[in-house]
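What follows is one structure encoded as structure tokens, with my remarks underneath.
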Amino acid sequence: MKAKPRSLLGIEPLDSRQILEILSLAKRMNPARPRTTLRGRRIALLFYENSTRTRTSFEIAAKSLGASTVVIHATTASIEKGESLKDTGKTLQSIVDAIVMRHPSSGAPVLLSKLIDIPIINAGDGMHAHPSQALLDAFTILNHKKNLKGLKIVTIGDIFHSRVARSDAHLFSKLGARVVFCGPDVLLPEVARELAPGVEIVREMDEAIRGADVVMMLRVQQERLSGMQINVDEYIRRYQLTPAKLKLAKRDAIVMHPGPMIRGMEMTDEVADCEQSVVLEQVLNGVKVRMAILATVLGGKR
Ligand code: NCD
């Protein structure tokens, strides 16, 4: 039987050894020093949803490995004419070697991976998963901390709509961190507890942040709120990261954000630009980690 190609659909199927292998490969990757690992390979970036960081960094990563890329935006392709996901996938399969895919529906990449035979890399699906972001977040933490074991990692904000929070929770707990979620009831339902083994829910930001090693801030995903009422002033008062709140975390705590960051909402300018903020470092690490992902998925023999 032909072996199924390797895909990266989520963090759950990976064990800690596989995660650490990708992260250690990422350490050796540098977009300023292009490689030929994927010379002659073609990668489609199939984006049904907007993206700045993820799409550009996958594209730079693919090119830095010698692959060629084709970017397909849902609005400019036949997709707009009503072509089904299956037909789009089958069409691409005959001309490319892998698909990096973002889709507003949770599970779309999993579905496509069952319909076609080339690797699919999930670049974010609905509220479900964003595995490459979780890997780059862990990579960034490991640039500042020896390992994740025992670290208190608190994620604050719109957990409910966040595929980043979900994939991060799986990955961080696999590597032994203590994962704490904090946010208002509507954006952090009790079910979030079931997301990953041992996730703790703390409603008060001061308590959540106290003694944290990593503070991850999330955007309120206005485009997905559909009818949920958020009082912005109240949200800012209770959940915005200010210099005073950050003082409650460990002195060497780092501040992270997957982007896009709405300054003045989830954090103040002062915090966004402070020494503890590693937000821009996350972006650069995103390219390295995505190089490692593409090399892992597509590297080796054809
Ligand atoms: C996130 C996403 O799209 O899931 N951003 C990203 O990929 N860097 C988070 C968000 O949109 O708020």
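Convention: chains lettered A, B, ... in structure tokens order; per-chain residue numbering from 1; ligands numbered from 1 as shown.
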
Which of range 37-144 of chain A fall in helix (DSSP H, G or I), as a PyMOL selection string: chain A and resi 53-64+78-81+85-93+108-115+131-144

Exercise: range 207-215 of chain A partners within 7 Å, only C-alpha atoms, chain neighbours under 2 positions left out, as a PyMOL selection string: chain A and resi 151-155+180+182+202+204-205+217+248-250+253-256

Å distance separating CA of His170 in chain A from CA of Ser106 in chain A, one decimal place: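 About the pair CA of His170 in chain A and CA of Ser106 in chain A: they are 16.4 Å apart.
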
Straight-line distance linking CA of Leu111 in chain A with CA of Ala169 in chain A, stated in Å to one decimal: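 One can read the CA of Leu111 in chain A to CA of Ala169 in chain A distance as 22.9 Å.
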
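When DSSP is run on the backbone, the residues of range 135-235 of chain A that fall into strand (DSSP E) are A:Lys152, A:Ile153, A:Val154, A:Thr155, A:Ile156, A:Arg178, A:Val179, A:Val180, A:Phe181, A:Cys182, A:Glu200, A:Ile201, A:Val214, A:Val215, A:Met216, A:Met217.
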
Within 8 Å of ligand 1 (only C-alpha atoms and all ligand atoms), residues as a list in words: Asn50, Ser51, Thr52, Arg53, Thr54, Ala123, Gly124, Asp125, Met127, His130, Gln133, Ser162, Arg163, Val164, Leu218, Arg219, Val220, Gln221, Pro258, Gly259, Pro260 and Met261 of chain A

Shortest interatomic distance to Lys149 in chain A - which of A:Ser16, A:Ser277, A:Ser105, A:Thr91, counting only C-alpha atoms: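 Between A:Ser16, A:Ser277, A:Ser105, A:Thr91, the residue approaching Lys149 in chain A most closely is A:Ser16.
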
Non-local contacts of Ala62 in chain A (9 Å; only C-alpha atoms; under 2 positions in same chain excluded) as a list in words: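 That gives Leu38, Arg42, Ile43, Ser57, Phe58, Glu59, Ile60, Ser64, Leu65, Gly66, Ala67, Ser68, Thr69, Arg290, Met291, Leu294 and Ala295 of chain A.
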
Nearest residue to Lys174 in chain A from the set A:Val199, A:Val186, A:Met216, A:Arg55 (distances using only C-alpha atoms):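 For Lys174 in chain A, the nearest of the given residues is A:Val199.
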
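For the choices A:Lys86, A:Lys247, A:Arg178, A:Arg35, the atom-to-atom distance to Leu148 in chain A is smallest for A:Arg178 when using only C-alpha atoms.
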
Who sits within 10 Å of Asn30 in chain A, only C-alpha atoms, same chain under 3 positions skipped, as a PyMOL selection string: chain A and resi 26-27+33-35+61+64-65+284-285+287-289+291-292

Could you write out that same residue set with all heavy atoms as a JSON list (two decimals), in the first residue's frame?
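The resulting file, result12.json, is shown below:
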```json
[["chain", "number", "residue", "atom", "x", "y", "z"],
["A", 26, "ALA", "N", 14.68, 23.88, 12.96],
["A", 26, "ALA", "CA", 14.43, 25.32, 12.76],
["A", 26, "ALA", "C", 15.61, 26.16, 13.20],
["A", 26, "ALA", "O", 15.90, 27.21, 12.62],
["A", 26, "ALA", "CB", 13.16, 25.74, 13.49],
["A", 27, "LYS", "N", 16.30, 25.71, 14.24],
["A", 27, "LYS", "CA", 17.48, 26.43, 14.74],
["A", 27, "LYS", "C", 18.55, 26.56, 13.66],
["A", 27, "LYS", "O", 19.32, 27.52, 13.64],
["A", 27, "LYS", "CB", 18.07, 25.66, 15.92],
["A", 27, "LYS", "CG", 17.84, 26.34, 17.22],
["A", 27, "LYS", "CD", 18.74, 25.75, 18.27],
["A", 27, "LYS", "CE", 18.06, 25.96, 19.60],
["A", 27, "LYS", "NZ", 18.40, 24.99, 20.58],
["A", 33, "ARG", "N", 20.33, 32.61, 4.51],
["A", 33, "ARG", "CA", 21.23, 31.64, 3.87],
["A", 33, "ARG", "C", 20.40, 30.57, 3.19],
["A", 33, "ARG", "O", 20.14, 29.50, 3.72],
["A", 33, "ARG", "CB", 22.09, 30.97, 4.95],
["A", 33, "ARG", "CG", 23.13, 31.89, 5.49],
["A", 33, "ARG", "CD", 24.46, 31.15, 5.63],
["A", 33, "ARG", "NE", 25.09, 31.59, 6.86],
["A", 33, "ARG", "CZ", 25.16, 30.84, 7.94],
["A", 33, "ARG", "NH1", 24.72, 29.60, 7.95],
["A", 33, "ARG", "NH2", 25.72, 31.33, 9.02],
["A", 34, "PRO", "N", 19.94, 30.88, 1.97],
["A", 34, "PRO", "CA", 19.04, 29.96, 1.27],
["A", 34, "PRO", "C", 19.65, 28.58, 1.05],
["A", 34, "PRO", "O", 20.86, 28.44, 0.97],
["A", 34, "PRO", "CB", 18.80, 30.66, -0.07],
["A", 34, "PRO", "CG", 19.24, 32.06, 0.11],
["A", 34, "PRO", "CD", 20.27, 32.06, 1.18],
["A", 35, "ARG", "N", 18.79, 27.58, 1.02],
["A", 35, "ARG", "CA", 19.22, 26.19, 0.80],
["A", 35, "ARG", "C", 18.58, 25.66, -0.48],
["A", 35, "ARG", "O", 17.67, 26.27, -1.02],
["A", 35, "ARG", "CB", 18.73, 25.31, 1.95],
["A", 35, "ARG", "CG", 19.35, 25.67, 3.27],
["A", 35, "ARG", "CD", 18.70, 24.85, 4.37],
["A", 35, "ARG", "NE", 19.36, 25.10, 5.64],
["A", 35, "ARG", "CZ", 19.91, 24.16, 6.39],
["A", 35, "ARG", "NH1", 19.83, 22.89, 6.03],
["A", 35, "ARG", "NH2", 20.51, 24.46, 7.52],
["A", 61, "ALA", "N", 9.74, 31.14, 3.42],
["A", 61, "ALA", "CA", 10.33, 29.86, 3.86],
["A", 61, "ALA", "C", 10.50, 28.92, 2.66],
["A", 61, "ALA", "O", 11.56, 28.33, 2.47],
["A", 61, "ALA", "CB", 9.45, 29.23, 4.93],
["A", 64, "SER", "N", 13.22, 30.14, 0.40],
["A", 64, "SER", "CA", 14.55, 30.00, 1.01],
["A", 64, "SER", "C", 15.05, 28.57, 0.96],
["A", 64, "SER", "O", 16.21, 28.29, 1.22],
["A", 64, "SER", "CB", 14.54, 30.49, 2.46],
["A", 64, "SER", "OG", 14.04, 31.80, 2.52],
["A", 65, "LEU", "N", 14.15, 27.63, 0.68],
["A", 65, "LEU", "CA", 14.54, 26.23, 0.54],
["A", 65, "LEU", "C", 14.64, 25.84, -0.94],
["A", 65, "LEU", "O", 14.78, 24.67, -1.28],
["A", 65, "LEU", "CB", 13.53, 25.32, 1.24],
["A", 65, "LEU", "CG", 13.50, 25.40, 2.78],
["A", 65, "LEU", "CD1", 12.29, 24.65, 3.33],
["A", 65, "LEU", "CD2", 14.77, 24.84, 3.38],
["A", 284, "LEU", "N", 10.11, 36.69, 12.82],
["A", 284, "LEU", "CA", 11.32, 36.14, 12.18],
["A", 284, "LEU", "C", 11.40, 34.63, 12.43],
["A", 284, "LEU", "O", 11.70, 33.85, 11.53],
["A", 284, "LEU", "CB", 12.57, 36.84, 12.72],
["A", 284, "LEU", "CG", 13.89, 36.22, 12.24],
["A", 284, "LEU", "CD1", 14.02, 36.30, 10.72],
["A", 284, "LEU", "CD2", 15.09, 36.87, 12.90],
["A", 285, "ASN", "N", 11.09, 34.23, 13.66],
["A", 285, "ASN", "CA", 11.13, 32.80, 13.97],
["A", 285, "ASN", "C", 10.12, 32.03, 13.14],
["A", 285, "ASN", "O", 10.31, 30.86, 12.83],
["A", 285, "ASN", "CB", 10.86, 32.57, 15.46],
["A", 285, "ASN", "CG", 12.02, 33.07, 16.31],
["A", 285, "ASN", "OD1", 13.13, 33.23, 15.82],
["A", 285, "ASN", "ND2", 11.76, 33.32, 17.58],
["A", 287, "VAL", "N", 9.51, 32.34, 10.04],
["A", 287, "VAL", "CA", 10.11, 31.92, 8.78],
["A", 287, "VAL", "C", 10.99, 30.68, 9.01],
["A", 287, "VAL", "O", 10.90, 29.69, 8.29],
["A", 287, "VAL", "CB", 10.94, 33.06, 8.14],
["A", 287, "VAL", "CG1", 11.57, 32.60, 6.85],
["A", 287, "VAL", "CG2", 10.05, 34.28, 7.90],
["A", 288, "LYS", "N", 11.82, 30.72, 10.05],
["A", 288, "LYS", "CA", 12.72, 29.59, 10.33],
["A", 288, "LYS", "C", 11.92, 28.31, 10.60],
["A", 288, "LYS", "O", 12.23, 27.24, 10.09],
["A", 288, "LYS", "CB", 13.57, 29.89, 11.56],
["A", 288, "LYS", "CG", 14.50, 31.06, 11.39],
["A", 288, "LYS", "CD", 15.31, 31.26, 12.65],
["A", 288, "LYS", "CE", 16.16, 32.52, 12.52],
["A", 288, "LYS", "NZ", 17.01, 32.71, 13.68],
["A", 289, "VAL", "N", 10.89, 28.46, 11.44],
["A", 289, "VAL", "CA", 10.10, 27.28, 11.82],
["A", 289, "VAL", "C", 9.34, 26.75, 10.60],
["A", 289, "VAL", "O", 9.25, 25.54, 10.39],
["A", 289, "VAL", "CB", 9.15, 27.62, 12.99],
["A", 289, "VAL", "CG1", 8.13, 26.52, 13.20],
["A", 289, "VAL", "CG2", 9.96, 27.84, 14.26],
["A", 291, "MET", "N", 10.34, 26.99, 7.54],
["A", 291, "MET", "CA", 11.34, 26.29, 6.70],
["A", 291, "MET", "C", 11.50, 24.86, 7.22],
["A", 291, "MET", "O", 11.52, 23.91, 6.44],
["A", 291, "MET", "CB", 12.70, 27.01, 6.77],
["A", 291, "MET", "CG", 12.78, 28.30, 5.96],
["A", 291, "MET", "SD", 14.34, 29.20, 6.22],
["A", 291, "MET", "CE", 15.46, 28.26, 5.16],
["A", 292, "ALA", "N", 11.59, 24.72, 8.53],
["A", 292, "ALA", "CA", 11.76, 23.39, 9.12],
["A", 292, "ALA", "C", 10.53, 22.51, 8.85],
["A", 292, "ALA", "O", 10.66, 21.32, 8.57],
["A", 292, "ALA", "CB", 12.01, 23.51, 10.62]]
```

Length of the CA of Asp252 in chain A to CA of Arg237 in chain A vector [Å]: 24.4 Å

Nearest candidate to Lys145 in chain A (options A:Ile72, A:Ala177, A:Ile116, A:Leu241; using only C-alpha atoms):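 The answer is A:Ala177, which sits nearest to Lys145 in chain A.
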
Which residues are close to Leu188 in chain A, i.e. within 7 Å by only C-alpha atoms, leaving aside same-chain residues fewer than 5 positions away? Reply as a short mmCIF file (atom, residue, chain, number, x, y, z; two decimals) with N, CA and C atoms, in the first residue's frame.
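Wrote it out as out-v2.cif, contents follow:
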```cif
data_model
loop_
_atom_site.label_atom_id
_atom_site.label_comp_id
_atom_site.auth_asym_id
_atom_site.auth_seq_id
_atom_site.Cartn_x
_atom_site.Cartn_y
_atom_site.Cartn_z
N ASP A 158 -9.21 36.56 23.77
CA ASP A 158 -10.29 35.86 23.08
C ASP A 158 -9.87 34.41 22.81
N ILE A 159 -9.97 33.60 23.85
CA ILE A 159 -9.56 32.19 23.74
C ILE A 159 -10.55 31.43 22.85
N PHE A 160 -11.83 31.77 23.00
CA PHE A 160 -12.89 31.02 22.32
C PHE A 160 -12.67 30.93 20.82
N GLY A 183 -9.73 35.17 30.47
CA GLY A 183 -10.52 36.02 29.59
C GLY A 183 -11.94 36.11 30.12
#
```
